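Peer 1: This is the content of entry_15.cif (mmCIF, C-alpha atoms):
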data_upload
#
loop_
_atom_site.label_atom_id
_atom_site.label_comp_id
_atom_site.auth_asym_id
_atom_site.auth_seq_id
_atom_site.Cartn_x
_atom_site.Cartn_y
_atom_site.Cartn_z
CA MET A 1 61.55 57.33 129.84
CA PHE A 2 63.16 60.73 130.50
CA THR A 3 65.76 61.83 127.93
CA PRO A 4 68.27 64.49 129.08
CA LEU A 5 68.68 67.68 127.08
CA PRO A 6 71.56 67.94 124.58
CA GLU A 7 74.67 69.82 125.66
CA ILE A 8 75.94 72.61 123.41
CA ILE A 9 79.69 72.11 122.89
CA HIS A 10 80.35 74.87 120.33
CA GLU A 11 78.21 77.46 118.59
CA ASP A 12 78.82 80.35 116.21
CA ALA A 13 76.89 82.11 113.44
CA ASP A 14 77.59 79.29 110.97
CA LEU A 15 77.27 76.02 112.84
CA ILE A 16 76.47 74.34 116.13
CA VAL A 17 77.95 71.24 117.74
CA LEU A 18 76.05 69.36 120.42
CA SER A 19 76.44 66.26 122.53
CA LYS A 20 73.30 64.24 121.87
CA PRO A 21 71.91 62.07 124.68
CA ALA A 22 71.21 58.40 124.03
CA GLY A 23 67.56 57.84 123.13
CA MET A 24 67.11 61.03 121.09
CA PRO A 25 66.84 60.78 117.27
CA VAL A 26 68.91 63.23 115.22
CA GLU A 27 66.38 64.14 112.53
CA PHE A 28 62.87 65.59 112.44
CA ASN A 29 60.14 62.94 112.52
CA PRO A 30 56.50 64.04 112.81
CA PHE A 31 55.54 60.56 114.03
CA SER A 32 58.30 60.25 116.62
CA GLU A 33 59.51 61.95 119.75
CA ARG A 34 61.41 65.23 119.93
CA SER A 35 64.61 65.18 117.89
CA LEU A 36 67.96 66.95 118.03
CA GLN A 37 66.89 68.99 114.99
CA ASP A 38 63.82 70.15 116.94
CA PHE A 39 66.04 71.24 119.83
CA VAL A 40 68.41 73.15 117.54
CA ALA A 41 65.55 74.80 115.64
CA ASP A 42 64.03 76.05 118.90
CA HIS A 43 67.39 77.12 120.31
CA CYS A 44 68.62 79.00 117.23
CA GLY A 45 65.31 80.42 116.00
CA HIS A 46 65.94 82.88 113.16
CA GLY A 47 69.65 82.04 113.26
CA ILE A 48 68.91 79.10 110.94
CA HIS A 49 69.07 80.16 107.28
CA ILE A 50 68.20 76.80 105.70
CA LYS A 51 64.58 76.43 104.57
CA THR A 52 64.27 72.84 105.79
CA GLY A 53 65.71 73.62 109.22
CA PRO A 54 69.09 72.92 110.85
CA GLY A 55 71.39 71.18 108.36
CA VAL A 56 72.26 67.64 109.41
CA VAL A 57 75.89 67.03 108.46
CA HIS A 58 76.21 63.50 109.84
CA ARG A 59 74.10 61.15 111.92
CA LEU A 60 74.28 59.06 115.06
CA ASP A 61 71.96 56.16 115.76
CA LYS A 62 69.18 57.00 118.19
CA VAL A 63 70.77 54.68 120.79
CA THR A 64 74.20 56.33 120.43
CA SER A 65 75.19 59.44 122.35
CA GLY A 66 77.80 62.05 121.55
CA LEU A 67 78.89 64.77 119.16
CA VAL A 68 76.72 65.93 116.26
CA VAL A 69 77.42 68.88 113.94
CA MET A 70 74.62 70.92 112.37
CA ALA A 71 74.91 73.79 109.90
CA LYS A 72 72.98 77.05 110.03
CA LYS A 73 73.61 78.15 106.43
CA PRO A 74 73.40 76.32 103.07
CA SER A 75 77.01 77.09 102.10
CA ILE A 76 78.28 75.76 105.43
CA LEU A 77 76.18 72.61 105.08
CA LYS A 78 77.56 72.00 101.58
CA GLN A 79 81.19 72.32 102.69
CA LEU A 80 80.77 70.22 105.82
CA ASN A 81 78.97 67.50 103.86
CA ALA A 82 81.92 67.40 101.46
CA ASP A 83 84.43 67.23 104.32
CA PHE A 84 82.65 64.28 105.91
CA ALA A 85 82.15 62.49 102.58
CA GLU A 86 85.81 62.91 101.62
CA ARG A 87 87.07 61.77 105.06
CA ARG A 88 88.62 65.07 106.06
CA VAL A 89 87.05 64.84 109.52
CA GLU A 90 88.58 62.92 112.44
CA LYS A 91 85.92 60.91 114.30
CA ILE A 92 86.58 59.30 117.69
CA TYR A 93 84.23 57.02 119.61
CA HIS A 94 84.41 55.36 123.01
CA LEU A 95 82.48 52.20 123.77
CA ARG A 96 82.34 49.36 126.25
CA VAL A 97 82.36 45.80 124.94
CA THR A 98 82.14 42.33 126.42
CA GLY A 99 85.41 40.51 127.05
CA THR A 100 88.94 41.62 126.21
CA PRO A 101 89.82 42.10 122.54
CA GLU A 102 93.08 40.59 121.33
CA PRO A 103 95.26 42.19 120.19
CA ALA A 104 94.85 45.29 122.34
CA ALA A 105 95.04 47.51 119.25
CA ALA A 106 94.23 46.71 115.63
CA THR A 107 92.54 47.78 112.41
CA LEU A 108 89.29 46.07 111.43
CA THR A 109 88.24 45.89 107.78
CA HIS A 110 84.96 44.28 106.71
CA GLU A 111 82.50 44.30 103.85
CA LEU A 112 79.11 45.53 105.09
CA GLU A 113 75.68 45.40 103.52
CA LYS A 114 72.61 47.12 104.95
CA ASP A 115 69.64 44.84 105.54
CA ASP A 116 66.70 47.24 105.29
CA LEU A 117 64.17 44.64 106.43
CA ALA A 118 66.09 43.70 109.58
CA ARG A 119 67.33 47.29 110.04
CA LYS A 120 70.89 46.20 110.69
CA ALA A 121 74.24 45.81 108.94
CA VAL A 122 75.40 42.39 107.76
CA ILE A 123 79.06 41.36 107.55
CA LEU A 124 79.85 39.63 104.25
CA PRO A 125 82.74 37.20 103.60
CA ARG A 126 83.76 39.04 100.43
CA LYS A 127 83.10 42.22 98.47
CA THR A 128 79.87 42.27 96.44
CA ARG A 129 78.14 44.75 94.16
CA ASN A 130 76.05 46.07 97.06
CA SER A 131 78.60 45.92 99.87
CA LYS A 132 80.64 48.79 101.24
CA THR A 133 84.08 48.53 102.82
CA ALA A 134 84.14 49.50 106.51
CA ILE A 135 87.41 50.39 108.26
CA LEU A 136 88.05 51.33 111.88
CA HIS A 137 91.04 51.41 114.22
CA TYR A 138 90.64 50.45 117.88
CA THR A 139 92.76 50.58 121.01
CA THR A 140 91.92 49.20 124.44
CA GLU A 141 91.97 51.83 127.17
CA PRO A 142 92.23 51.35 130.93
CA SER A 143 88.87 51.58 132.65
CA PRO A 144 88.46 54.28 135.29
CA PRO A 145 89.20 52.77 138.73
CA SER A 146 86.05 54.28 140.22
CA GLU A 147 83.12 52.29 141.48
CA SER A 148 80.87 54.32 139.20
CA SER A 149 82.50 52.63 136.20
CA SER A 150 81.70 49.15 137.45
CA GLN A 151 78.20 50.22 138.43
CA LYS A 152 77.56 51.55 134.94
CA SER A 153 78.59 48.17 133.50
CA GLY A 154 75.80 46.60 135.54
CA GLU A 155 76.04 42.83 135.88
CA HIS A 156 78.89 42.56 133.36
CA PRO A 157 82.26 42.89 135.12
CA ASN A 158 84.29 41.37 132.24
CA THR A 159 84.19 44.35 129.91
CA SER A 160 86.69 46.54 128.07
CA LEU A 161 86.70 50.23 127.23
CA LEU A 162 87.72 50.86 123.61
CA ARG A 163 88.71 53.98 121.72
CA ILE A 164 87.71 53.87 118.05
CA SER A 165 89.10 56.00 115.26
CA LEU A 166 86.58 55.73 112.45
CA GLU A 167 87.99 55.80 108.92
CA THR A 168 84.69 55.17 107.12
CA GLY A 169 81.15 56.03 108.19
CA ARG A 170 78.95 53.09 107.28
CA TYR A 171 75.51 52.21 108.65
CA HIS A 172 75.90 50.56 112.10
CA GLN A 173 79.58 50.06 111.27
CA ILE A 174 81.07 50.03 114.76
CA ARG A 175 78.27 47.91 116.18
CA ALA A 176 78.50 45.28 113.45
CA GLN A 177 82.31 45.13 113.29
CA LEU A 178 82.82 44.69 117.03
CA ALA A 179 80.10 42.04 117.15
CA ALA A 180 81.79 40.20 114.27
CA MET A 181 85.02 40.26 116.29
CA GLY A 182 83.22 38.49 119.13
CA HIS A 183 83.02 41.54 121.39
CA PRO A 184 79.56 43.12 121.04
CA ILE A 185 78.83 46.44 122.71
CA LEU A 186 77.11 46.34 126.08
CA GLY A 187 73.40 47.02 125.71
CA ASP A 188 73.42 46.39 121.95
CA THR A 189 71.07 43.41 121.85
CA THR A 190 70.53 43.93 118.10
CA TYR A 191 74.07 42.67 117.55
CA GLY A 192 74.23 40.08 120.31
CA GLY A 193 75.32 42.26 123.20
CA PRO A 194 74.04 41.69 126.74
CA GLU A 195 71.26 43.87 128.11
CA ALA A 196 72.34 47.05 129.88
CA ALA A 197 70.85 50.41 130.81
CA ARG A 198 71.81 51.73 127.36
CA VAL A 199 73.94 50.95 124.31
CA MET A 200 77.39 51.94 125.54
CA LEU A 201 78.57 53.75 122.41
CA HIS A 202 79.50 57.44 122.41
CA CYS A 203 80.98 59.81 119.82
CA SER A 204 83.60 61.46 122.02
CA GLY A 205 85.72 63.47 119.60
CA LEU A 206 85.56 65.33 116.29
CA VAL A 207 88.20 67.41 114.54
CA ILE A 208 86.72 69.54 111.77
CA ARG A 209 87.91 72.55 109.80
CA HIS A 210 85.56 75.50 110.10
CA PRO A 211 84.21 76.11 106.58
CA LYS A 212 84.33 79.90 106.95
CA THR A 213 87.37 80.66 109.11
CA GLY A 214 89.53 77.67 108.18
CA LYS A 215 90.29 77.14 111.87
CA LEU A 216 90.53 73.58 113.19
CA LEU A 217 87.84 72.85 115.77
CA ARG A 218 88.81 70.12 118.23
CA LEU A 219 85.58 69.05 119.87
CA ASN A 220 85.31 66.70 122.83
CA SER A 221 82.56 65.04 124.85
CA PRO A 222 83.69 62.51 127.49
CA ALA A 223 81.95 59.13 127.43
CA PRO A 224 79.41 58.81 130.27
CA PHE A 225 80.34 55.19 131.05
#
Have the structure of the file written as structure tokens, please.
Peer 2:
Amino acid sequence: MFTPLPEIIHEDADLIVLSKPAGMPVEFNPFSERSLQDFVADHCGHGIHIKTGPGVVHRLDKVTSGLVVMAKKPSILKQLNADFAERRVEKIYHLRVTGTPEPAAATLTHELEKDDLARKAVILPRKTRNSKTAILHYTTEPSPPSESSSQKSGEHPNTSLLRISLETGRYHQIRAQLAAMGHPILGDTTYGGPEAARVMLHCSGLVIRHPKTGKLLRLNSPAPF
């Protein structure tokens, strides 16, 4: 299956921000297909000053599209890693789910545990030694009134477009939390969603502070569904 090329959203001497297509892994894998790191390494060439290649600051699942930040220098990678770990970065996602969530806007808090064997996140009824708290805020947005929107939803007319503000960054957090709410993401069959052309989950916005200049970077990538 053909995977489109990433789109470069922002680039300077210290970092690069791209919109990753669905179906492309973020990290190098010698046993897998071409990754976003491969693309950045080829694009930047000698502009990368990290021995192991472009510095991965955060990750998106292979099936998820949207914004990814990579560092070109070790000092930039260190600062960006700290900013993400300490929740100083605003992360916005758009996704399409089955049904209509009620209420139209809310905060979801769950205890998640990663099941390595099943390669998915499990919602737990209470906090445990191995669980991690996952928090997100969602709002329902009006769907575009174009026929392209309904076509992209395929055979699933009863769907809702959600905007997610992610407070924590847990493994498969959004996918597991929406499924636990009874509104799995279209295409996300791992979590009970109906089949679709793709998993309809997209990182559409990031607000980060540039580690060198201190300037706020407001980065956007509209959802393709």
Peer 1: Restricting the calculation to all atoms listed in the file, which member of A:Ile123, A:Val56, A:Leu201, A:Ala22 is positioned closest to A:Leu186?
Peer 2: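 Result for the nearest residue to A:Leu186: A:Leu201.
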Peer 1: Might you spell out which residues the PyMOL selection byres ((chain A and resi 106-111) around 8) would select in the displayed file, as a PyMOL selection string?
Peer 2: chain A and resi 103-105+112-113+123-127+131-139+177
Peer 1: Find the residues near A:His210: any atom within 12 Å, counting only C-alpha atoms, skip ones fewer than 5 places away on the same chain, and give them as a list in words.
Peer 2: His10, Glu11, Asp12, Ala13, Asp14, Leu15, Ile16, Val17, Val69, Ala71, Ser75, Ile76, Leu77, Gln79, Leu80, Asp83, Arg88, Val89, Lys215, Leu216, Leu217, Arg218 and Leu219 of chain A
Peer 1: What does the structure give for the distance between atom CA of A:Thr168 and atom CA of A:Glu90, in Å to one decimal?
Peer 2: 10.2 Å
Peer 1: By how many Å are atom CA of A:Ala176 and atom CA of A:Val122 apart?
Peer 2: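 Answer for the atom CA of A:Ala176 to atom CA of A:Val122 separation: 7.1 Å.
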Peer 1: Would you please work out which residue, of A:Leu178, A:Cys203, A:Ala196, A:Ile208, is nearest to A:Val68 when using all atoms listed in the file?
Peer 2: A:Cys203
Peer 1: Interatomic distance between atom CA of A:Ala41 and atom CA of A:Ser204?
Peer 2: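 Computing the Euclidean distance for atom CA of A:Ala41 and atom CA of A:Ser204 yields 23.3 Å.
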Peer 1: Using only C-alpha atoms, which of the listed residues (A:Arg119, A:His156, A:Lys20, A:His172) sits closest to A:Gly187?
Peer 2: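 Among the listed residues, A:His156 lies closest to A:Gly187.
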Peer 1: Show me, as a VMD selection string, the residues that have an atom within 6 Å of A:Thr159 when counting all atoms listed in the file, minus same-chain residues fewer than 4 positions from it.
Peer 2: chain A and resid 97 to 99
Peer 1: If you keep C-alpha atoms, can you produce a file of those selected residues as an mmCIF file, in the coordinates of the input?
Peer 2:
data_model
loop_
_atom_site.group_PDB
_atom_site.id
_atom_site.type_symbol
_atom_site.label_atom_id
_atom_site.label_comp_id
_atom_site.auth_asym_id
_atom_site.auth_seq_id
_atom_site.Cartn_x
_atom_site.Cartn_y
_atom_site.Cartn_z
ATOM 1 C CA VAL A 97 82.360 45.800 124.940
ATOM 2 C CA THR A 98 82.140 42.330 126.420
ATOM 3 C CA GLY A 99 85.410 40.510 127.050
#
Peer 1: Which one of A:Arg129, A:Arg96, A:Arg170, A:Lys51 sits closest to A:Ile185 if you count all atoms listed in the file?
Peer 2: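 Ranked by minimum distance to A:Ile185, first place goes to A:Arg96.
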Peer 1: For this file, the PyMOL selection byres ((chain A and resi 35) around 12) selects which residues, as a ChimeraX atom specification?
Peer 2: /A:3-6,20-34,36-42,54,56,59-62
Peer 1: Generate a file of the selected residues that holds C-alpha atoms, formatted as a PDB file, in the coordinates of the input.
Peer 2:
ATOM      1  CA  THR A   3      65.760  61.830 127.930  1.00  0.00           C
ATOM      2  CA  PRO A   4      68.270  64.490 129.080  1.00  0.00           C
ATOM      3  CA  LEU A   5      68.680  67.680 127.080  1.00  0.00           C
ATOM      4  CA  PRO A   6      71.560  67.940 124.580  1.00  0.00           C
ATOM      5  CA  LYS A  20      73.300  64.240 121.870  1.00  0.00           C
ATOM      6  CA  PRO A  21      71.910  62.070 124.680  1.00  0.00           C
ATOM      7  CA  ALA A  22      71.210  58.400 124.030  1.00  0.00           C
ATOM      8  CA  GLY A  23      67.560  57.840 123.130  1.00  0.00           C
ATOM      9  CA  MET A  24      67.110  61.030 121.090  1.00  0.00           C
ATOM     10  CA  PRO A  25      66.840  60.780 117.270  1.00  0.00           C
ATOM     11  CA  VAL A  26      68.910  63.230 115.220  1.00  0.00           C
ATOM     12  CA  GLU A  27      66.380  64.140 112.530  1.00  0.00           C
ATOM     13  CA  PHE A  28      62.870  65.590 112.440  1.00  0.00           C
ATOM     14  CA  ASN A  29      60.140  62.940 112.520  1.00  0.00           C
ATOM     15  CA  PRO A  30      56.500  64.040 112.810  1.00  0.00           C
ATOM     16  CA  PHE A  31      55.540  60.560 114.030  1.00  0.00           C
ATOM     17  CA  SER A  32      58.300  60.250 116.620  1.00  0.00           C
ATOM     18  CA  GLU A  33      59.510  61.950 119.750  1.00  0.00           C
ATOM     19  CA  ARG A  34      61.410  65.230 119.930  1.00  0.00           C
ATOM     20  CA  LEU A  36      67.960  66.950 118.030  1.00  0.00           C
ATOM     21  CA  GLN A  37      66.890  68.990 114.990  1.00  0.00           C
ATOM     22  CA  ASP A  38      63.820  70.150 116.940  1.00  0.00           C
ATOM     23  CA  PHE A  39      66.040  71.240 119.830  1.00  0.00           C
ATOM     24  CA  VAL A  40      68.410  73.150 117.540  1.00  0.00           C
ATOM     25  CA  ALA A  41      65.550  74.800 115.640  1.00  0.00           C
ATOM     26  CA  ASP A  42      64.030  76.050 118.900  1.00  0.00           C
ATOM     27  CA  PRO A  54      69.090  72.920 110.850  1.00  0.00           C
ATOM     28  CA  VAL A  56      72.260  67.640 109.410  1.00  0.00           C
ATOM     29  CA  ARG A  59      74.100  61.150 111.920  1.00  0.00           C
ATOM     30  CA  LEU A  60      74.280  59.060 115.060  1.00  0.00           C
ATOM     31  CA  ASP A  61      71.960  56.160 115.760  1.00  0.00           C
ATOM     32  CA  LYS A  62      69.180  57.000 118.190  1.00  0.00           C
TER      33      LYS A  62
END
Peer 1: Do a neighbour search on A:Thr100 at 8 Å with all atoms listed in the file, toss out local chain neighbours closer than 5 positions, and write the hits as number ranges by chain.
Peer 2: A: 158-160, 183
